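A.B. asks: Dropping the structure in here first, questions after.
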Amino acid sequence: MKKNTSFLVGMLVMISVLALSGTALAASGQLQISDAGLVIVDTVKVKPGDTYPVDGQRLPAVVAYTGTDGKPYYYLPAQMWSDYFNVRVGWDEEKASVVLGTSPNNEANQPKGPNPTKPTIGARVGAYKEIASKDVNRKQRPSLICDDETRVQAVTTIHAGGSFRPQNGKYVVFQVANNGKGRITCLAGQPAMLGEPTYFPAVDIEPGHTLTRAFELDGDAPKENDDILFDIQGAAGTSEPVDVKFSLMQFK
């Protein structure tokens with residue numbers, strides 16, 4: 001899938017309780033910037049009259065279309081699907097279509113081995129940026145503990161993760177020790193409402209080694225976008241059972 005940023009910036013996707021018919025965009029209708037706001041589950045996300053940030057620009061948050069029947073229909077920037085519902089937004093050049101969500105067979109979601117044994121510092125997914133673990137003061141008491149040296153043995157993928165709010169600390173640290181006989185792969189990413197999760201670059205762990213991955217949470221991220229997940233599985237080409245001990249904590 002090819003992503004056309006300039007297209008996505010200007011692209012508007014309708015979210016409305018009213019359905020648009022195939023002729024609703026007839027020339028007799030009117031399309032204009034609206035001063036309406038946005039409320040999701042009783043939480044104000046956009047105040048009436050506010051603009052919305054997309055790719056460093058401020059776009060109209062809501063656009064209204066008056067149909068030939070006189071009813072208003074409302075459009076929102078496609079980026080809101082990503083920001084508020086964690087749905088990956090893309091552009092398919094071949095199909096000339098906006099794409100919401102990712103396919104399970106999307107190559108971007110399939111780690112190819114062997115993978116590097118060190119994280120890709122600076123990589124971003126949603127509200128998280130991967131940073132060097134040394135940049136987090138782990139000598140202090142964690143503000144939140146999801147797992148503390150949890151021991152798991154399995155022949156299938158092991159899952160971990162949680163939701164982390166910025167007020168509890170800006171850092172999330174995941175540490176996993178490979179106690180098995182085979183090479184394993186550690187995936188980190190964000191779950192999606194539609195399609196597959198979006199992952200950071202995969203990292204492999206050799207037998208007897210420990211990997212520590214640290215992530216910085218964007219303090220301005222909407223709470224709908226603060227989930228992070230971790231998958232641990234046997235590396236490509238290995239058949240050994242997975243035997244790990246892992247910890248997942250949040251630090252200030």
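Every chain in the structure tokens has a letter given in the order shown (A, B, ...), and although residue numbers restart at 1 in each chain, ligands are simply numbered from 1 in the order shown.
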Dump as JSON lines the rows for residues of stretch 82-149 of chain A within 6 Å of stretch 174-194 of chain A: closest atom pair and distance in Å with one decimal, only C-alpha atoms counted, ordered by chain and rising residue number.

C.D. replies:
```
{"residue": "A:Asn86", "atom": "CA", "partner": "A:Ala192", "partner_atom": "CA", "distance": 5.2}
{"residue": "A:Val87", "atom": "CA", "partner": "A:Ala192", "partner_atom": "CA", "distance": 5.4}
{"residue": "A:Gly101", "atom": "CA", "partner": "A:Leu194", "partner_atom": "CA", "distance": 4.8}
```

A.B. asks: Go ahead and save the residues from that selection, with C-alpha atoms, as a PDB file, in the first residue's frame.

C.D. replies:
```pdb
ATOM      1  CA  ASN A  86      -6.401   3.672  16.540  1.00  0.00           C
ATOM      2  CA  VAL A  87      -7.329   2.668  13.006  1.00  0.00           C
ATOM      3  CA  GLY A 101      -7.241  -0.748   8.907  1.00  0.00           C
TER       4      GLY A 101
END
```

A.B. asks: Using DSSP assignments from the backbone, pull out every residue in stretch 40-148 of chain A that falls under helix (DSSP H, G or I) and give it to me as a ChimeraX atom specification.

C.D. replies: /A:79-85,107-109,133-135

A.B. asks: Got time to write the residues from that selection, N, CA, C and O atoms, as an mmCIF file, in the first residue's frame?

C.D. replies:
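File result.cif, as written:
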```cif
data_model
loop_
_atom_site.group_PDB
_atom_site.id
_atom_site.type_symbol
_atom_site.label_atom_id
_atom_site.label_comp_id
_atom_site.auth_asym_id
_atom_site.auth_seq_id
_atom_site.Cartn_x
_atom_site.Cartn_y
_atom_site.Cartn_z
ATOM 1 N N GLN A 79 -7.722 11.455 9.654
ATOM 2 C CA GLN A 79 -6.738 11.274 10.716
ATOM 3 C C GLN A 79 -7.393 10.989 12.062
ATOM 4 O O GLN A 79 -6.797 10.348 12.930
ATOM 5 N N MET A 80 -8.637 11.450 12.248
ATOM 6 C CA MET A 80 -9.321 11.198 13.512
ATOM 7 C C MET A 80 -9.539 9.711 13.749
ATOM 8 O O MET A 80 -9.586 9.253 14.892
ATOM 9 N N TRP A 81 -9.685 8.942 12.668
ATOM 10 C CA TRP A 81 -9.825 7.496 12.824
ATOM 11 C C TRP A 81 -8.582 6.926 13.496
ATOM 12 O O TRP A 81 -8.659 6.024 14.320
ATOM 13 N N SER A 82 -7.430 7.453 13.126
ATOM 14 C CA SER A 82 -6.180 6.998 13.713
ATOM 15 C C SER A 82 -6.028 7.497 15.145
ATOM 16 O O SER A 82 -5.667 6.748 16.054
ATOM 17 N N ASP A 83 -6.322 8.773 15.363
ATOM 18 C CA ASP A 83 -6.092 9.386 16.667
ATOM 19 C C ASP A 83 -7.059 8.892 17.743
ATOM 20 O O ASP A 83 -6.658 8.675 18.886
ATOM 21 N N TYR A 84 -8.318 8.724 17.378
ATOM 22 C CA TYR A 84 -9.330 8.401 18.378
ATOM 23 C C TYR A 84 -9.754 6.932 18.387
ATOM 24 O O TYR A 84 -10.278 6.448 19.389
ATOM 25 N N PHE A 85 -9.536 6.228 17.292
ATOM 26 C CA PHE A 85 -9.959 4.831 17.232
ATOM 27 C C PHE A 85 -8.807 3.888 16.915
ATOM 28 O O PHE A 85 -9.003 2.688 16.776
ATOM 29 N N GLU A 107 2.309 -6.994 4.533
ATOM 30 C CA GLU A 107 3.725 -7.296 4.760
ATOM 31 C C GLU A 107 4.312 -6.491 5.904
ATOM 32 O O GLU A 107 5.241 -6.932 6.573
ATOM 33 N N ALA A 108 3.763 -5.300 6.149
ATOM 34 C CA ALA A 108 4.296 -4.458 7.231
ATOM 35 C C ALA A 108 4.092 -5.101 8.593
ATOM 36 O O ALA A 108 4.771 -4.763 9.554
ATOM 37 N N ASN A 109 3.124 -6.026 8.685
ATOM 38 C CA ASN A 109 2.831 -6.660 9.959
ATOM 39 C C ASN A 109 3.466 -8.035 10.094
ATOM 40 O O ASN A 109 3.220 -8.744 11.070
ATOM 41 N N SER A 133 16.848 2.306 26.694
ATOM 42 C CA SER A 133 16.430 1.967 28.057
ATOM 43 C C SER A 133 17.235 2.720 29.112
ATOM 44 O O SER A 133 16.742 2.981 30.212
ATOM 45 N N LYS A 134 18.464 3.114 28.759
ATOM 46 C CA LYS A 134 19.301 3.846 29.717
ATOM 47 C C LYS A 134 18.752 5.234 30.006
ATOM 48 O O LYS A 134 19.155 5.876 30.995
ATOM 49 N N ASP A 135 17.854 5.723 29.166
ATOM 50 C CA ASP A 135 17.272 7.047 29.357
ATOM 51 C C ASP A 135 16.160 7.048 30.399
ATOM 52 O O ASP A 135 15.614 8.113 30.718
#
```

A.B. asks: In stretch 9-242 of chain A, what's strand (DSSP E) per DSSP? Answer as a PyMOL selection string?

C.D. replies: chain A and resi 12-14+30-33+38-40+43-46+51-54+57-60+63-66+72-77+89-92+97-100+124-125+128-131+144-154+158-163+171-178+184-190+198-199+203-205+210-217+227-234+242

A.B. asks: Need the shell around stretch 244-251 of chain A: protein/DNA/RNA residues with any atom at most 8 Å away, counting only C-alpha atoms. Skip same-chain ones fewer than 3 positions apart. Format as a VMD selection string?

C.D. replies: chain A and resid 136 to 138 140 to 153 161 164 168 to 180

A.B. asks: Let's have the selection written as an mmCIF file, in the first residue's frame, with N, CA and C atoms.

C.D. replies:
```
data_model
loop_
_atom_site.group_PDB
_atom_site.id
_atom_site.type_symbol
_atom_site.label_atom_id
_atom_site.label_comp_id
_atom_site.auth_asym_id
_atom_site.auth_seq_id
_atom_site.Cartn_x
_atom_site.Cartn_y
_atom_site.Cartn_z
ATOM 1 N N VAL A 136 15.817 5.880 30.914
ATOM 2 C CA VAL A 136 14.776 5.771 31.934
ATOM 3 C C VAL A 136 15.421 5.416 33.267
ATOM 4 N N ASN A 137 15.079 6.173 34.287
ATOM 5 C CA ASN A 137 15.607 5.918 35.625
ATOM 6 C C ASN A 137 14.804 4.776 36.260
ATOM 7 N N ARG A 138 15.287 3.562 36.095
ATOM 8 C CA ARG A 138 14.570 2.397 36.606
ATOM 9 C C ARG A 138 14.954 2.052 38.040
ATOM 10 N N GLN A 140 14.214 4.113 40.405
ATOM 11 C CA GLN A 140 13.081 4.618 41.160
ATOM 12 C C GLN A 140 11.963 3.573 41.173
ATOM 13 N N ARG A 141 11.027 3.772 42.078
ATOM 14 C CA ARG A 141 9.896 2.847 42.172
ATOM 15 C C ARG A 141 8.959 3.070 40.993
ATOM 16 N N PRO A 142 8.562 2.004 40.299
ATOM 17 C CA PRO A 142 7.646 2.181 39.169
ATOM 18 C C PRO A 142 6.290 2.708 39.634
ATOM 19 N N SER A 143 5.655 3.512 38.800
ATOM 20 C CA SER A 143 4.338 4.038 39.147
ATOM 21 C C SER A 143 3.240 3.027 38.866
ATOM 22 N N LEU A 144 3.535 2.071 37.984
ATOM 23 C CA LEU A 144 2.551 1.038 37.659
ATOM 24 C C LEU A 144 3.286 -0.249 37.279
ATOM 25 N N ILE A 145 2.816 -1.358 37.816
ATOM 26 C CA ILE A 145 3.407 -2.657 37.500
ATOM 27 C C ILE A 145 2.322 -3.549 36.908
ATOM 28 N N CYS A 146 2.512 -3.946 35.656
ATOM 29 C CA CYS A 146 1.584 -4.882 35.016
ATOM 30 C C CYS A 146 2.075 -6.318 35.159
ATOM 31 N N ASP A 147 3.379 -6.506 34.977
ATOM 32 C CA ASP A 147 3.998 -7.813 35.147
ATOM 33 C C ASP A 147 5.343 -7.612 35.829
ATOM 34 N N ASP A 148 5.672 -8.534 36.727
ATOM 35 C CA ASP A 148 6.944 -8.450 37.437
ATOM 36 C C ASP A 148 7.594 -9.826 37.430
ATOM 37 N N GLU A 149 8.499 -10.028 36.464
ATOM 38 C CA GLU A 149 9.199 -11.298 36.280
ATOM 39 C C GLU A 149 8.207 -12.466 36.144
ATOM 40 N N THR A 150 7.243 -12.271 35.285
ATOM 41 C CA THR A 150 6.260 -13.312 35.001
ATOM 42 C C THR A 150 6.901 -14.404 34.142
ATOM 43 N N ARG A 151 6.815 -15.646 34.578
ATOM 44 C CA ARG A 151 7.439 -16.769 33.871
ATOM 45 C C ARG A 151 6.373 -17.483 33.035
ATOM 46 N N VAL A 152 6.654 -17.661 31.737
ATOM 47 C CA VAL A 152 5.714 -18.330 30.839
ATOM 48 C C VAL A 152 6.484 -19.267 29.919
ATOM 49 N N GLN A 153 5.951 -20.457 29.732
ATOM 50 C CA GLN A 153 6.462 -21.406 28.756
ATOM 51 C C GLN A 153 5.320 -21.751 27.812
ATOM 52 N N GLY A 161 0.728 -6.539 27.723
ATOM 53 C CA GLY A 161 0.404 -5.169 27.334
ATOM 54 C C GLY A 161 -0.506 -4.502 28.337
ATOM 55 N N PHE A 164 -1.639 2.906 29.416
ATOM 56 C CA PHE A 164 -0.804 3.726 30.281
ATOM 57 C C PHE A 164 -1.128 5.199 30.065
ATOM 58 N N ASN A 168 0.603 9.145 34.898
ATOM 59 C CA ASN A 168 1.243 8.134 35.754
ATOM 60 C C ASN A 168 2.713 7.935 35.418
ATOM 61 N N GLY A 169 3.187 8.628 34.413
ATOM 62 C CA GLY A 169 4.578 8.494 34.009
ATOM 63 C C GLY A 169 4.693 8.470 32.499
ATOM 64 N N LYS A 170 5.771 8.999 31.978
ATOM 65 C CA LYS A 170 5.920 9.115 30.530
ATOM 66 C C LYS A 170 6.672 7.949 29.904
ATOM 67 N N TYR A 171 7.126 6.984 30.730
ATOM 68 C CA TYR A 171 7.930 5.881 30.199
ATOM 69 C C TYR A 171 7.298 4.522 30.487
ATOM 70 N N VAL A 172 7.335 3.659 29.498
ATOM 71 C CA VAL A 172 6.902 2.272 29.640
ATOM 72 C C VAL A 172 8.088 1.381 29.293
ATOM 73 N N VAL A 173 8.402 0.438 30.180
ATOM 74 C CA VAL A 173 9.575 -0.424 29.987
ATOM 75 C C VAL A 173 9.137 -1.889 29.983
ATOM 76 N N PHE A 174 9.580 -2.611 28.962
ATOM 77 C CA PHE A 174 9.291 -4.040 28.840
ATOM 78 C C PHE A 174 10.609 -4.790 28.788
ATOM 79 N N GLN A 175 10.784 -5.716 29.715
ATOM 80 C CA GLN A 175 12.016 -6.500 29.778
ATOM 81 C C GLN A 175 11.673 -7.978 29.674
ATOM 82 N N VAL A 176 12.366 -8.686 28.803
ATOM 83 C CA VAL A 176 12.099 -10.107 28.620
ATOM 84 C C VAL A 176 13.405 -10.888 28.551
ATOM 85 N N ALA A 177 13.475 -11.962 29.330
ATOM 86 C CA ALA A 177 14.650 -12.839 29.356
ATOM 87 C C ALA A 177 14.308 -14.131 28.627
ATOM 88 N N ASN A 178 15.162 -14.528 27.701
ATOM 89 C CA ASN A 178 14.967 -15.752 26.945
ATOM 90 C C ASN A 178 15.641 -16.912 27.675
ATOM 91 N N ASN A 179 14.839 -17.730 28.349
ATOM 92 C CA ASN A 179 15.357 -18.868 29.099
ATOM 93 C C ASN A 179 15.321 -20.167 28.301
ATOM 94 N N GLY A 180 14.845 -20.066 27.056
ATOM 95 C CA GLY A 180 14.711 -21.266 26.242
ATOM 96 C C GLY A 180 15.971 -21.596 25.468
#
```

A.B. asks: Taking into account only C-alpha atoms, which residue in the set A:Asp227, A:Lys118, A:Ile33, A:Gly113 is nearest to A:Pro77?

C.D. replies: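 Checking each of A:Asp227, A:Lys118, A:Ile33, A:Gly113 against A:Pro77, counting only C-alpha atoms, the winner is A:Ile33.
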
A.B. asks: Would you mind telling me which residue in A:Lys129, A:Lys252, A:Lys71, A:Lys47 lies nearest to A:Ala214 when using only C-alpha atoms?

C.D. replies: A:Lys129

A.B. asks: Using only C-alpha atoms, which of the listed residues (A:Ala96, A:Ala123, A:Ile228, A:Ile131) sits closest to A:Ala160?

C.D. replies: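 Once distances to A:Ala160 are computed over only C-alpha atoms, the minimum belongs to A:Ile228.
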
A.B. asks: Go through A:Pro201, A:Gly67, A:Gly208, A:Gly195 one by one, measure the shortest atom-to-atom distance of each to A:Val125 using only C-alpha atoms, and give the residue with the smallest value.

C.D. replies: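 Checking each of A:Pro201, A:Gly67, A:Gly208, A:Gly195 against A:Val125, counting only C-alpha atoms, the winner is A:Pro201.
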
A.B. asks: Suppose you want the space between atom CA of A:Gly70 and atom CA of A:Lys45; what is it in Å?

C.D. replies: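 One can read the atom CA of A:Gly70 to atom CA of A:Lys45 distance as 26.9 Å.
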
A.B. asks: Out of A:Val62, A:Val41, A:Val242, A:Leu76, which residue has the shortest atom-to-atom distance to A:Pro207 when counting only C-alpha atoms?

C.D. replies: A:Val242

A.B. asks: So which one's closest to A:Val89, A:Gly126, A:Pro241, A:Ala221, A:Tyr52? Using only C-alpha atoms, please.

C.D. replies: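 Between A:Gly126, A:Pro241, A:Ala221, A:Tyr52, the residue approaching A:Val89 most closely is A:Gly126.
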